[in-house]
>>> print(open('work.pdb').read())   # PDB, C-alpha atoms
ATOM      1  CA  MET A   1      24.837   6.428  -0.729  1.00  0.00           C
ATOM      2  CA  ALA A   2      21.338   6.630  -2.165  1.00  0.00           C
ATOM      3  CA  SER A   3      18.431   6.463   0.222  1.00  0.00           C
ATOM      4  CA  ILE A   4      16.130   3.692  -0.921  1.00  0.00           C
ATOM      5  CA  ALA A   5      12.868   2.837   0.791  1.00  0.00           C
ATOM      6  CA  VAL A   6      10.332   0.068   0.471  1.00  0.00           C
ATOM      7  CA  CYS A   7       6.667   0.857   1.013  1.00  0.00           C
ATOM      8  CA  PRO A   8       4.974  -2.526   1.492  1.00  0.00           C
ATOM      9  CA  GLY A   9       1.312  -3.451   1.619  1.00  0.00           C
ATOM     10  CA  SER A  10      -1.450  -5.459   0.067  1.00  0.00           C
ATOM     11  CA  PHE A  11      -2.906  -2.398  -1.719  1.00  0.00           C
ATOM     12  CA  ASP A  12      -6.170  -4.244  -2.381  1.00  0.00           C
ATOM     13  CA  PRO A  13      -6.953  -1.671  -3.758  1.00  0.00           C
ATOM     14  CA  ILE A  14      -4.681   1.353  -3.499  1.00  0.00           C
ATOM     15  CA  THR A  15      -6.430   4.334  -1.881  1.00  0.00           C
ATOM     16  CA  TYR A  16      -5.714   8.037  -1.501  1.00  0.00           C
ATOM     17  CA  GLY A  17      -4.395   7.197   1.972  1.00  0.00           C
ATOM     18  CA  HIS A  18      -1.744   4.932   0.420  1.00  0.00           C
ATOM     19  CA  ILE A  19      -0.955   7.525  -2.240  1.00  0.00           C
ATOM     20  CA  ASP A  20      -0.506  10.185   0.445  1.00  0.00           C
ATOM     21  CA  ILE A  21       2.134   8.041   2.187  1.00  0.00           C
ATOM     22  CA  ILE A  22       3.847   7.188  -1.127  1.00  0.00           C
ATOM     23  CA  LYS A  23       4.051  10.819  -2.291  1.00  0.00           C
ATOM     24  CA  ARG A  24       5.411  12.008   1.032  1.00  0.00           C
ATOM     25  CA  SER A  25       7.969   9.180   1.090  1.00  0.00           C
ATOM     26  CA  ALA A  26       9.076  10.059  -2.442  1.00  0.00           C
ATOM     27  CA  LYS A  27       9.955  13.571  -1.218  1.00  0.00           C
ATOM     28  CA  VAL A  28      12.316  12.138   1.415  1.00  0.00           C
ATOM     29  CA  PHE A  29      13.941   9.147  -0.299  1.00  0.00           C
ATOM     30  CA  ASP A  30      15.856   8.942  -3.568  1.00  0.00           C
ATOM     31  CA  HIS A  31      13.767   5.965  -4.647  1.00  0.00           C
ATOM     32  CA  VAL A  32      10.667   4.278  -3.239  1.00  0.00           C
ATOM     33  CA  TYR A  33       9.751   0.729  -4.168  1.00  0.00           C
ATOM     34  CA  ILE A  34       6.087  -0.042  -3.649  1.00  0.00           C
ATOM     35  CA  CYS A  35       5.992  -3.728  -2.806  1.00  0.00           C
ATOM     36  CA  VAL A  36       2.748  -5.650  -3.134  1.00  0.00           C
ATOM     37  CA  LEU A  37       2.977  -8.457  -0.619  1.00  0.00           C
ATOM     38  CA  ASN A  38       0.692 -11.442  -0.562  1.00  0.00           C
ATOM     39  CA  ASN A  39      -0.779 -11.640   2.926  1.00  0.00           C
ATOM     40  CA  SER A  40      -1.665 -15.297   3.489  1.00  0.00           C
ATOM     41  CA  ALA A  41      -4.196 -14.220   6.135  1.00  0.00           C
ATOM     42  CA  LYS A  42      -6.225 -12.253   3.577  1.00  0.00           C
ATOM     43  CA  LYS A  43      -8.177 -13.340   0.517  1.00  0.00           C
ATOM     44  CA  PRO A  44      -7.388 -10.680  -2.096  1.00  0.00           C
ATOM     45  CA  PHE A  45     -10.108  -9.066  -4.196  1.00  0.00           C
ATOM     46  CA  PHE A  46      -7.730  -8.039  -6.981  1.00  0.00           C
ATOM     47  CA  SER A  47      -4.960 -10.263  -8.318  1.00  0.00           C
ATOM     48  CA  VAL A  48      -1.367  -9.173  -7.749  1.00  0.00           C
ATOM     49  CA  GLU A  49      -1.135  -8.230 -11.427  1.00  0.00           C
ATOM     50  CA  GLU A  50      -4.298  -6.102 -11.222  1.00  0.00           C
ATOM     51  CA  ARG A  51      -3.028  -4.338  -8.099  1.00  0.00           C
ATOM     52  CA  LEU A  52       0.340  -3.628  -9.717  1.00  0.00           C
ATOM     53  CA  GLU A  53      -1.365  -2.232 -12.815  1.00  0.00           C
ATOM     54  CA  LEU A  54      -3.497   0.122 -10.697  1.00  0.00           C
ATOM     55  CA  ILE A  55      -0.507   1.212  -8.582  1.00  0.00           C
ATOM     56  CA  ARG A  56       1.648   1.884 -11.628  1.00  0.00           C
ATOM     57  CA  GLU A  57      -1.088   3.932 -13.246  1.00  0.00           C
ATOM     58  CA  VAL A  58      -1.776   6.133 -10.202  1.00  0.00           C
ATOM     59  CA  THR A  59       1.928   6.683  -9.452  1.00  0.00           C
ATOM     60  CA  LYS A  60       3.178   7.117 -13.030  1.00  0.00           C
ATOM     61  CA  ASP A  61       3.852  10.837 -12.476  1.00  0.00           C
ATOM     62  CA  ILE A  62       6.072  10.224  -9.445  1.00  0.00           C
ATOM     63  CA  LYS A  63       9.435   9.697 -11.123  1.00  0.00           C
ATOM     64  CA  ASN A  64      11.285   8.058  -8.222  1.00  0.00           C
ATOM     65  CA  VAL A  65       8.636   5.411  -7.489  1.00  0.00           C
ATOM     66  CA  SER A  66       8.342   1.920  -8.922  1.00  0.00           C
ATOM     67  CA  ALA A  67       6.145  -1.052  -8.056  1.00  0.00           C
ATOM     68  CA  SER A  68       6.697  -4.789  -7.896  1.00  0.00           C
ATOM     69  CA  SER A  69       5.499  -7.791  -5.941  1.00  0.00           C
ATOM     70  CA  TYR A  70       7.178 -10.277  -3.674  1.00  0.00           C
ATOM     71  CA  GLU A  71       6.357 -13.519  -1.936  1.00  0.00           C
ATOM     72  CA  GLY A  72       8.357 -14.090   1.176  1.00  0.00           C
ATOM     73  CA  LEU A  73       9.771 -11.972   3.935  1.00  0.00           C
ATOM     74  CA  LEU A  74       9.660  -8.205   3.450  1.00  0.00           C
ATOM     75  CA  ILE A  75      13.180  -7.892   4.821  1.00  0.00           C
ATOM     76  CA  ASP A  76      14.474 -10.199   2.043  1.00  0.00           C
ATOM     77  CA  TYR A  77      12.779  -8.027  -0.585  1.00  0.00           C
ATOM     78  CA  ALA A  78      14.257  -4.897   1.003  1.00  0.00           C
ATOM     79  CA  LYS A  79      17.733  -6.432   0.865  1.00  0.00           C
ATOM     80  CA  SER A  80      17.224  -7.465  -2.778  1.00  0.00           C
ATOM     81  CA  VAL A  81      16.584  -3.838  -3.836  1.00  0.00           C
ATOM     82  CA  LYS A  82      19.358  -2.542  -1.533  1.00  0.00           C
ATOM     83  CA  ALA A  83      16.863  -0.573   0.558  1.00  0.00           C
ATOM     84  CA  ASN A  84      18.007   1.056   3.763  1.00  0.00           C
ATOM     85  CA  ALA A  85      14.485   1.911   4.919  1.00  0.00           C
ATOM     86  CA  ILE A  86      10.986   0.496   5.211  1.00  0.00           C
ATOM     87  CA  ILE A  87       8.024   2.869   5.250  1.00  0.00           C
ATOM     88  CA  ARG A  88       5.009   1.975   7.355  1.00  0.00           C
ATOM     89  CA  GLY A  89       1.903   4.126   7.191  1.00  0.00           C
ATOM     90  CA  LEU A  90      -0.100   4.652  10.350  1.00  0.00           C
ATOM     91  CA  ARG A  91      -3.731   5.743  10.452  1.00  0.00           C
ATOM     92  CA  ALA A  92      -4.429   5.578  14.150  1.00  0.00           C
ATOM     93  CA  VAL A  93      -2.883   4.521  17.442  1.00  0.00           C
ATOM     94  CA  SER A  94      -4.479   1.093  16.954  1.00  0.00           C
ATOM     95  CA  ASP A  95      -2.158   0.475  13.967  1.00  0.00           C
ATOM     96  CA  PHE A  96       0.948   1.143  16.040  1.00  0.00           C
ATOM     97  CA  GLU A  97       1.000  -2.038  18.151  1.00  0.00           C
ATOM     98  CA  TYR A  98       0.799  -4.333  15.126  1.00  0.00           C
ATOM     99  CA  GLU A  99       3.357  -2.288  13.187  1.00  0.00           C
ATOM    100  CA  MET A 100       5.707  -2.251  16.174  1.00  0.00           C
ATOM    101  CA  GLN A 101       5.677  -6.063  16.290  1.00  0.00           C
ATOM    102  CA  ILE A 102       6.570  -6.268  12.603  1.00  0.00           C
ATOM    103  CA  THR A 103       9.287  -3.642  13.005  1.00  0.00           C
ATOM    104  CA  SER A 104      10.793  -5.466  15.991  1.00  0.00           C
ATOM    105  CA  MET A 105      10.921  -8.729  14.037  1.00  0.00           C
ATOM    106  CA  ASN A 106      12.498  -6.986  11.045  1.00  0.00           C
ATOM    107  CA  ARG A 107      15.190  -5.551  13.358  1.00  0.00           C
ATOM    108  CA  VAL A 108      16.008  -9.085  14.517  1.00  0.00           C
ATOM    109  CA  LEU A 109      16.291 -10.222  10.886  1.00  0.00           C
ATOM    110  CA  SER A 110      18.346  -7.212   9.751  1.00  0.00           C
ATOM    111  CA  ASP A 111      19.494  -4.312  11.872  1.00  0.00           C
ATOM    112  CA  ASP A 112      20.805  -2.508   8.757  1.00  0.00           C
ATOM    113  CA  ILE A 113      17.335  -1.510   7.560  1.00  0.00           C
ATOM    114  CA  GLU A 114      15.465   1.176   9.492  1.00  0.00           C
ATOM    115  CA  THR A 115      11.695   1.478   9.681  1.00  0.00           C
ATOM    116  CA  PHE A 116      10.031   4.868   9.367  1.00  0.00           C
ATOM    117  CA  PHE A 117       6.453   5.428  10.469  1.00  0.00           C
ATOM    118  CA  ILE A 118       4.491   8.074   8.593  1.00  0.00           C
ATOM    119  CA  MET A 119       1.128   9.219   9.876  1.00  0.00           C
ATOM    120  CA  THR A 120      -1.409   9.518   7.113  1.00  0.00           C
ATOM    121  CA  ASN A 121      -3.126  12.794   6.423  1.00  0.00           C
ATOM    122  CA  ASN A 122      -6.000  13.292   8.895  1.00  0.00           C
ATOM    123  CA  GLN A 123      -8.564  13.223   6.113  1.00  0.00           C
ATOM    124  CA  TYR A 124      -7.594   9.581   5.434  1.00  0.00           C
ATOM    125  CA  SER A 125      -7.226   8.380   9.026  1.00  0.00           C
ATOM    126  CA  PHE A 126     -10.410   6.257   8.785  1.00  0.00           C
ATOM    127  CA  LEU A 127      -9.675   4.907   5.324  1.00  0.00           C
ATOM    128  CA  SER A 128      -8.867   1.287   4.557  1.00  0.00           C
ATOM    129  CA  SER A 129      -9.053  -0.856   1.449  1.00  0.00           C
ATOM    130  CA  SER A 130     -11.665  -3.003   3.208  1.00  0.00           C
ATOM    131  CA  ILE A 131     -13.949  -0.008   3.774  1.00  0.00           C
ATOM    132  CA  VAL A 132     -13.527   1.094   0.157  1.00  0.00           C
ATOM    133  CA  LYS A 133     -14.478  -2.366  -1.116  1.00  0.00           C
ATOM    134  CA  GLU A 134     -17.497  -2.583   1.171  1.00  0.00           C
ATOM    135  CA  VAL A 135     -18.861   0.827   0.151  1.00  0.00           C
ATOM    136  CA  SER A 136     -18.186   0.135  -3.528  1.00  0.00           C
ATOM    137  CA  LYS A 137     -19.914  -3.245  -3.317  1.00  0.00           C
ATOM    138  CA  TYR A 138     -23.170  -1.435  -2.513  1.00  0.00           C
ATOM    139  CA  ASP A 139     -22.590   1.310  -5.095  1.00  0.00           C
ATOM    140  CA  GLY A 140     -21.683   3.943  -2.503  1.00  0.00           C
ATOM    141  CA  ASP A 141     -19.706   7.016  -3.528  1.00  0.00           C
ATOM    142  CA  ILE A 142     -15.970   6.342  -3.142  1.00  0.00           C
ATOM    143  CA  SER A 143     -14.815   9.076  -5.532  1.00  0.00           C
ATOM    144  CA  GLU A 144     -13.048  10.997  -2.741  1.00  0.00           C
ATOM    145  CA  LEU A 145     -11.322   7.863  -1.432  1.00  0.00           C
ATOM    146  CA  VAL A 146      -9.687   6.392  -4.544  1.00  0.00           C
ATOM    147  CA  PRO A 147      -8.547   7.563  -7.993  1.00  0.00           C
ATOM    148  CA  LYS A 148     -11.042   7.157 -10.840  1.00  0.00           C
ATOM    149  CA  ILE A 149      -9.185   4.187 -12.341  1.00  0.00           C
ATOM    150  CA  VAL A 150      -9.493   2.321  -9.019  1.00  0.00           C
ATOM    151  CA  HIS A 151     -13.151   3.337  -8.684  1.00  0.00           C
ATOM    152  CA  ASP A 152     -13.840   2.016 -12.194  1.00  0.00           C
ATOM    153  CA  ALA A 153     -11.937  -1.231 -11.551  1.00  0.00           C
ATOM    154  CA  LEU A 154     -13.943  -1.876  -8.380  1.00  0.00           C
ATOM    155  CA  ARG A 155     -17.257  -1.197 -10.109  1.00  0.00           C
ATOM    156  CA  ALA A 156     -16.359  -3.432 -13.045  1.00  0.00           C
ATOM    157  CA  LYS A 157     -15.356  -6.284 -10.779  1.00  0.00           C
ATOM    158  CA  PHE A 158     -18.435  -6.017  -8.560  1.00  0.00           C
ATOM    159  CA  HIS A 159     -20.830  -5.798 -11.516  1.00  0.00           C
ATOM    160  CA  LYS A 160     -19.109  -8.742 -13.216  1.00  0.00           C
ATOM    161  CA  ASN A 161     -19.790 -10.891 -10.161  1.00  0.00           C
ATOM    162  CA  ARG A 162     -23.482  -9.976  -9.904  1.00  0.00           C
ATOM    163  CA  PRO A 163     -26.221 -12.241 -11.252  1.00  0.00           C
TER     164      PRO A 163
END
>>> encode(input="work.pdb", output="C-alpha cells")
Amino acid sequence: MASIAVCPGSFDPITYGHIDIIKRSAKVFDHVYICVLNNSAKKPFFSVEERLELIREVTKDIKNVSASSYEGLLIDYAKSVKANAIIRGLRAVSDFEYEMQITSMNRVLSDDIETFFIMTNNQYSFLSSSIVKEVSKYDGDISELVPKIVHDALRAKFHKNRP
C-alpha cells in the first residue's frame, strides 16, 4: 500500500519553513498532497489560485508532490485522495496545543488516518506567513524567508495597492 500524506495549510504565502516541511515529508511518503485550505477565520492576502500557482512553482522539482485546494473538512479531503497520513508542521511548543486539538478531532472523524508532527528547521522556527507579509509591506528584506517568486509576488501586490 502506498503511503500518501496530506500537508494542509493556508500558505498565504508559502515560506521556506513550509517548503522545509514539504521536502522532508516527500522523503518519507510516496506522495504528498499540499492542500490549500480556506480558513474562514482569516482574510487571505493571496487568492487560492495565486497561492496554488506559487506552491506549484516552488515545488515543481519535487516529483512526488502535488497541490490542490479544498473547502470543507480536512479529513474529507484526506479520504478523497486516499491519504493515510496528515502532516502538521510545528514551529514552537505554542503550536502544539492548537495542533493537538485538531488532531484529536480528526481522530474522532476518522481513526484510519494518522497525524505526523514535523518540527521545522530551527532557522525557520520564528517564521510565519503573517510575519513575511508584514515585513514585505514595509519593503523589508524577506529574501532569506521566501523564494524569489514569492518575494516578487508580495512586492507586486503591495505596490499595486499603494496610492
>>> closest_residue(input="work.pdb", among="A:Arg56, A:Lys82, A:Lys42, A:Arg88", to="Arg24 (chain A)", atoms="all atoms listed in the file")
A:Arg88
>>> residues_near_point(input="work.pdb", point="(-10.7, 5.0, -8.1)", cutoff="10 Å", atoms="all atoms listed in the file", output="PyMOL selection string")
chain A and resi 13-16+54+58+132+142-155
>>> atom_distance(input="work.pdb", atom1="CA of Met105 (chain A)", atom2="CA of Ile86 (chain A)")
12.8 Å
>>> closest_residue(input="work.pdb", among="A:Ser47, A:Lys63, A:Asp95, A:Gly72", to="Thr120 (chain A)", atoms="all atoms listed in the file")
A:Asp95
>>> atom_distance(input="work.pdb", atom1="CA of Leu74 (chain A)", atom2="CA of Asn122 (chain A)")
27.1 Å
>>> residues_around(input="work.pdb", residues="Glu114 (chain A)", least_positions_apart="4", cutoff="8 Å", atoms="only C-alpha atoms", output="number ranges by chain")
A: 84-86, 107
>>> resolve_selection(input="work.pdb", expression="the PyMOL selection byres ((chain A and resi 117) around 7)", output="MDAnalysis selection string")
chainID A and resid 87:90 115:116 118:119
>>> atom_distance(input="work.pdb", atom1="CA of Arg51 (chain A)", atom2="CA of Ile4 (chain A)")
22.0 Å
>>> closest_residue(input="work.pdb", among="A:Phe158, A:Tyr98, A:Phe46, A:Tyr77", to="Glu134 (chain A)", atoms="all atoms listed in the file")
A:Phe158
>>> axis_aligned_box(input="work.pdb", around="region 77-87 of chain A", padding_each_side="3 Å", output="AutoDock Vina command-line options")
--center_x 13.7 --center_y -2.6 --center_z 0.7 --size_x 17.3 --size_y 16.9 --size_z 15.1
>>> closest_residue(input="work.pdb", among="A:Ile113, A:Ile62, A:Ile75, A:Ile131", to="Leu37 (chain A)", atoms="only C-alpha atoms")
A:Ile75
>>> residues_around(input="work.pdb", residues="Ile22 (chain A)", least_positions_apart="4", cutoff="8 Å", atoms="all atoms listed in the file", output="PDB file with C-alpha atoms, in the coordinates of the input")
ATOM      1  CA  CYS A   7       6.667   0.857   1.013  1.00  0.00           C
ATOM      2  CA  HIS A  18      -1.744   4.932   0.420  1.00  0.00           C
ATOM      3  CA  ALA A  26       9.076  10.059  -2.442  1.00  0.00           C
ATOM      4  CA  VAL A  32      10.667   4.278  -3.239  1.00  0.00           C
ATOM      5  CA  ILE A  34       6.087  -0.042  -3.649  1.00  0.00           C
TER       6      ILE A  34
END
>>> build_atoms(input="work.pdb", residues="region 10-39 of chain A", atoms="N, CA and C atoms", output="PDB file, in the frame of the given file")
ATOM      1  N   SER A  10      -0.661  -4.635   0.980  1.00  0.00           N
ATOM      2  CA  SER A  10      -1.450  -5.459   0.067  1.00  0.00           C
ATOM      3  C   SER A  10      -2.077  -4.596  -1.023  1.00  0.00           C
ATOM      4  N   PHE A  11      -2.376  -3.338  -0.730  1.00  0.00           N
ATOM      5  CA  PHE A  11      -2.906  -2.398  -1.719  1.00  0.00           C
ATOM      6  C   PHE A  11      -4.080  -2.998  -2.495  1.00  0.00           C
ATOM      7  N   ASP A  12      -5.056  -3.499  -1.775  1.00  0.00           N
ATOM      8  CA  ASP A  12      -6.170  -4.244  -2.381  1.00  0.00           C
ATOM      9  C   ASP A  12      -7.508  -3.553  -2.146  1.00  0.00           C
ATOM     10  N   PRO A  13      -7.748  -2.397  -2.773  1.00  0.00           N
ATOM     11  CA  PRO A  13      -6.953  -1.671  -3.758  1.00  0.00           C
ATOM     12  C   PRO A  13      -6.205  -0.512  -3.111  1.00  0.00           C
ATOM     13  N   ILE A  14      -5.384   0.151  -3.939  1.00  0.00           N
ATOM     14  CA  ILE A  14      -4.681   1.353  -3.499  1.00  0.00           C
ATOM     15  C   ILE A  14      -5.710   2.467  -3.287  1.00  0.00           C
ATOM     16  N   THR A  15      -5.518   3.239  -2.227  1.00  0.00           N
ATOM     17  CA  THR A  15      -6.430   4.334  -1.881  1.00  0.00           C
ATOM     18  C   THR A  15      -5.658   5.651  -1.833  1.00  0.00           C
ATOM     19  N   TYR A  16      -6.389   6.746  -1.665  1.00  0.00           N
ATOM     20  CA  TYR A  16      -5.714   8.037  -1.501  1.00  0.00           C
ATOM     21  C   TYR A  16      -4.869   8.071  -0.231  1.00  0.00           C
ATOM     22  N   GLY A  17      -5.226   7.287   0.768  1.00  0.00           N
ATOM     23  CA  GLY A  17      -4.395   7.197   1.972  1.00  0.00           C
ATOM     24  C   GLY A  17      -3.028   6.603   1.652  1.00  0.00           C
ATOM     25  N   HIS A  18      -3.015   5.524   0.857  1.00  0.00           N
ATOM     26  CA  HIS A  18      -1.744   4.932   0.420  1.00  0.00           C
ATOM     27  C   HIS A  18      -0.943   5.937  -0.408  1.00  0.00           C
ATOM     28  N   ILE A  19      -1.628   6.593  -1.333  1.00  0.00           N
ATOM     29  CA  ILE A  19      -0.955   7.525  -2.240  1.00  0.00           C
ATOM     30  C   ILE A  19      -0.347   8.686  -1.452  1.00  0.00           C
ATOM     31  N   ASP A  20      -1.033   9.129  -0.420  1.00  0.00           N
ATOM     32  CA  ASP A  20      -0.506  10.185   0.445  1.00  0.00           C
ATOM     33  C   ASP A  20       0.835   9.758   1.046  1.00  0.00           C
ATOM     34  N   ILE A  21       0.894   8.560   1.581  1.00  0.00           N
ATOM     35  CA  ILE A  21       2.134   8.041   2.187  1.00  0.00           C
ATOM     36  C   ILE A  21       3.229   7.896   1.126  1.00  0.00           C
ATOM     37  N   ILE A  22       2.870   7.390  -0.045  1.00  0.00           N
ATOM     38  CA  ILE A  22       3.847   7.188  -1.127  1.00  0.00           C
ATOM     39  C   ILE A  22       4.428   8.520  -1.586  1.00  0.00           C
ATOM     40  N   LYS A  23       3.569   9.500  -1.825  1.00  0.00           N
ATOM     41  CA  LYS A  23       4.051  10.819  -2.291  1.00  0.00           C
ATOM     42  C   LYS A  23       4.966  11.474  -1.258  1.00  0.00           C
ATOM     43  N   ARG A  24       4.594  11.397  -0.012  1.00  0.00           N
ATOM     44  CA  ARG A  24       5.411  12.008   1.032  1.00  0.00           C
ATOM     45  C   ARG A  24       6.741  11.277   1.186  1.00  0.00           C
ATOM     46  N   SER A  25       6.725   9.966   1.035  1.00  0.00           N
ATOM     47  CA  SER A  25       7.969   9.180   1.090  1.00  0.00           C
ATOM     48  C   SER A  25       8.882   9.532  -0.076  1.00  0.00           C
ATOM     49  N   ALA A  26       8.294   9.742  -1.240  1.00  0.00           N
ATOM     50  CA  ALA A  26       9.076  10.059  -2.442  1.00  0.00           C
ATOM     51  C   ALA A  26       9.778  11.408  -2.324  1.00  0.00           C
ATOM     52  N   LYS A  27       9.297  12.285  -1.448  1.00  0.00           N
ATOM     53  CA  LYS A  27       9.955  13.571  -1.218  1.00  0.00           C
ATOM     54  C   LYS A  27      11.195  13.416  -0.335  1.00  0.00           C
ATOM     55  N   VAL A  28      11.251  12.332   0.437  1.00  0.00           N
ATOM     56  CA  VAL A  28      12.316  12.138   1.415  1.00  0.00           C
ATOM     57  C   VAL A  28      13.407  11.199   0.903  1.00  0.00           C
ATOM     58  N   PHE A  29      12.997  10.179   0.148  1.00  0.00           N
ATOM     59  CA  PHE A  29      13.941   9.147  -0.299  1.00  0.00           C
ATOM     60  C   PHE A  29      14.248   9.290  -1.779  1.00  0.00           C
ATOM     61  N   ASP A  30      15.457   8.878  -2.163  1.00  0.00           N
ATOM     62  CA  ASP A  30      15.856   8.942  -3.568  1.00  0.00           C
ATOM     63  C   ASP A  30      14.990   8.040  -4.442  1.00  0.00           C
ATOM     64  N   HIS A  31      14.643   6.876  -3.912  1.00  0.00           N
ATOM     65  CA  HIS A  31      13.767   5.965  -4.647  1.00  0.00           C
ATOM     66  C   HIS A  31      12.867   5.223  -3.661  1.00  0.00           C
ATOM     67  N   VAL A  32      11.626   5.027  -4.054  1.00  0.00           N
ATOM     68  CA  VAL A  32      10.667   4.278  -3.239  1.00  0.00           C
ATOM     69  C   VAL A  32      10.132   3.124  -4.073  1.00  0.00           C
ATOM     70  N   TYR A  33      10.318   1.927  -3.556  1.00  0.00           N
ATOM     71  CA  TYR A  33       9.751   0.729  -4.168  1.00  0.00           C
ATOM     72  C   TYR A  33       8.439   0.414  -3.457  1.00  0.00           C
ATOM     73  N   ILE A  34       7.364   0.408  -4.201  1.00  0.00           N
ATOM     74  CA  ILE A  34       6.087  -0.042  -3.649  1.00  0.00           C
ATOM     75  C   ILE A  34       6.081  -1.549  -3.841  1.00  0.00           C
ATOM     76  N   CYS A  35       5.932  -2.268  -2.752  1.00  0.00           N
ATOM     77  CA  CYS A  35       5.992  -3.728  -2.806  1.00  0.00           C
ATOM     78  C   CYS A  35       4.643  -4.322  -2.424  1.00  0.00           C
ATOM     79  N   VAL A  36       4.006  -4.960  -3.390  1.00  0.00           N
ATOM     80  CA  VAL A  36       2.748  -5.650  -3.134  1.00  0.00           C
ATOM     81  C   VAL A  36       3.096  -7.012  -2.549  1.00  0.00           C
ATOM     82  N   LEU A  37       2.716  -7.187  -1.298  1.00  0.00           N
ATOM     83  CA  LEU A  37       2.977  -8.457  -0.619  1.00  0.00           C
ATOM     84  C   LEU A  37       1.695  -9.275  -0.562  1.00  0.00           C
ATOM     85  N   ASN A  38       1.839 -10.555  -0.723  1.00  0.00           N
ATOM     86  CA  ASN A  38       0.692 -11.442  -0.562  1.00  0.00           C
ATOM     87  C   ASN A  38       0.559 -11.798   0.903  1.00  0.00           C
ATOM     88  N   ASN A  39      -0.513 -11.332   1.525  1.00  0.00           N
ATOM     89  CA  ASN A  39      -0.779 -11.640   2.926  1.00  0.00           C
ATOM     90  C   ASN A  39      -1.591 -12.924   2.965  1.00  0.00           C
TER      91      ASN A  39
END
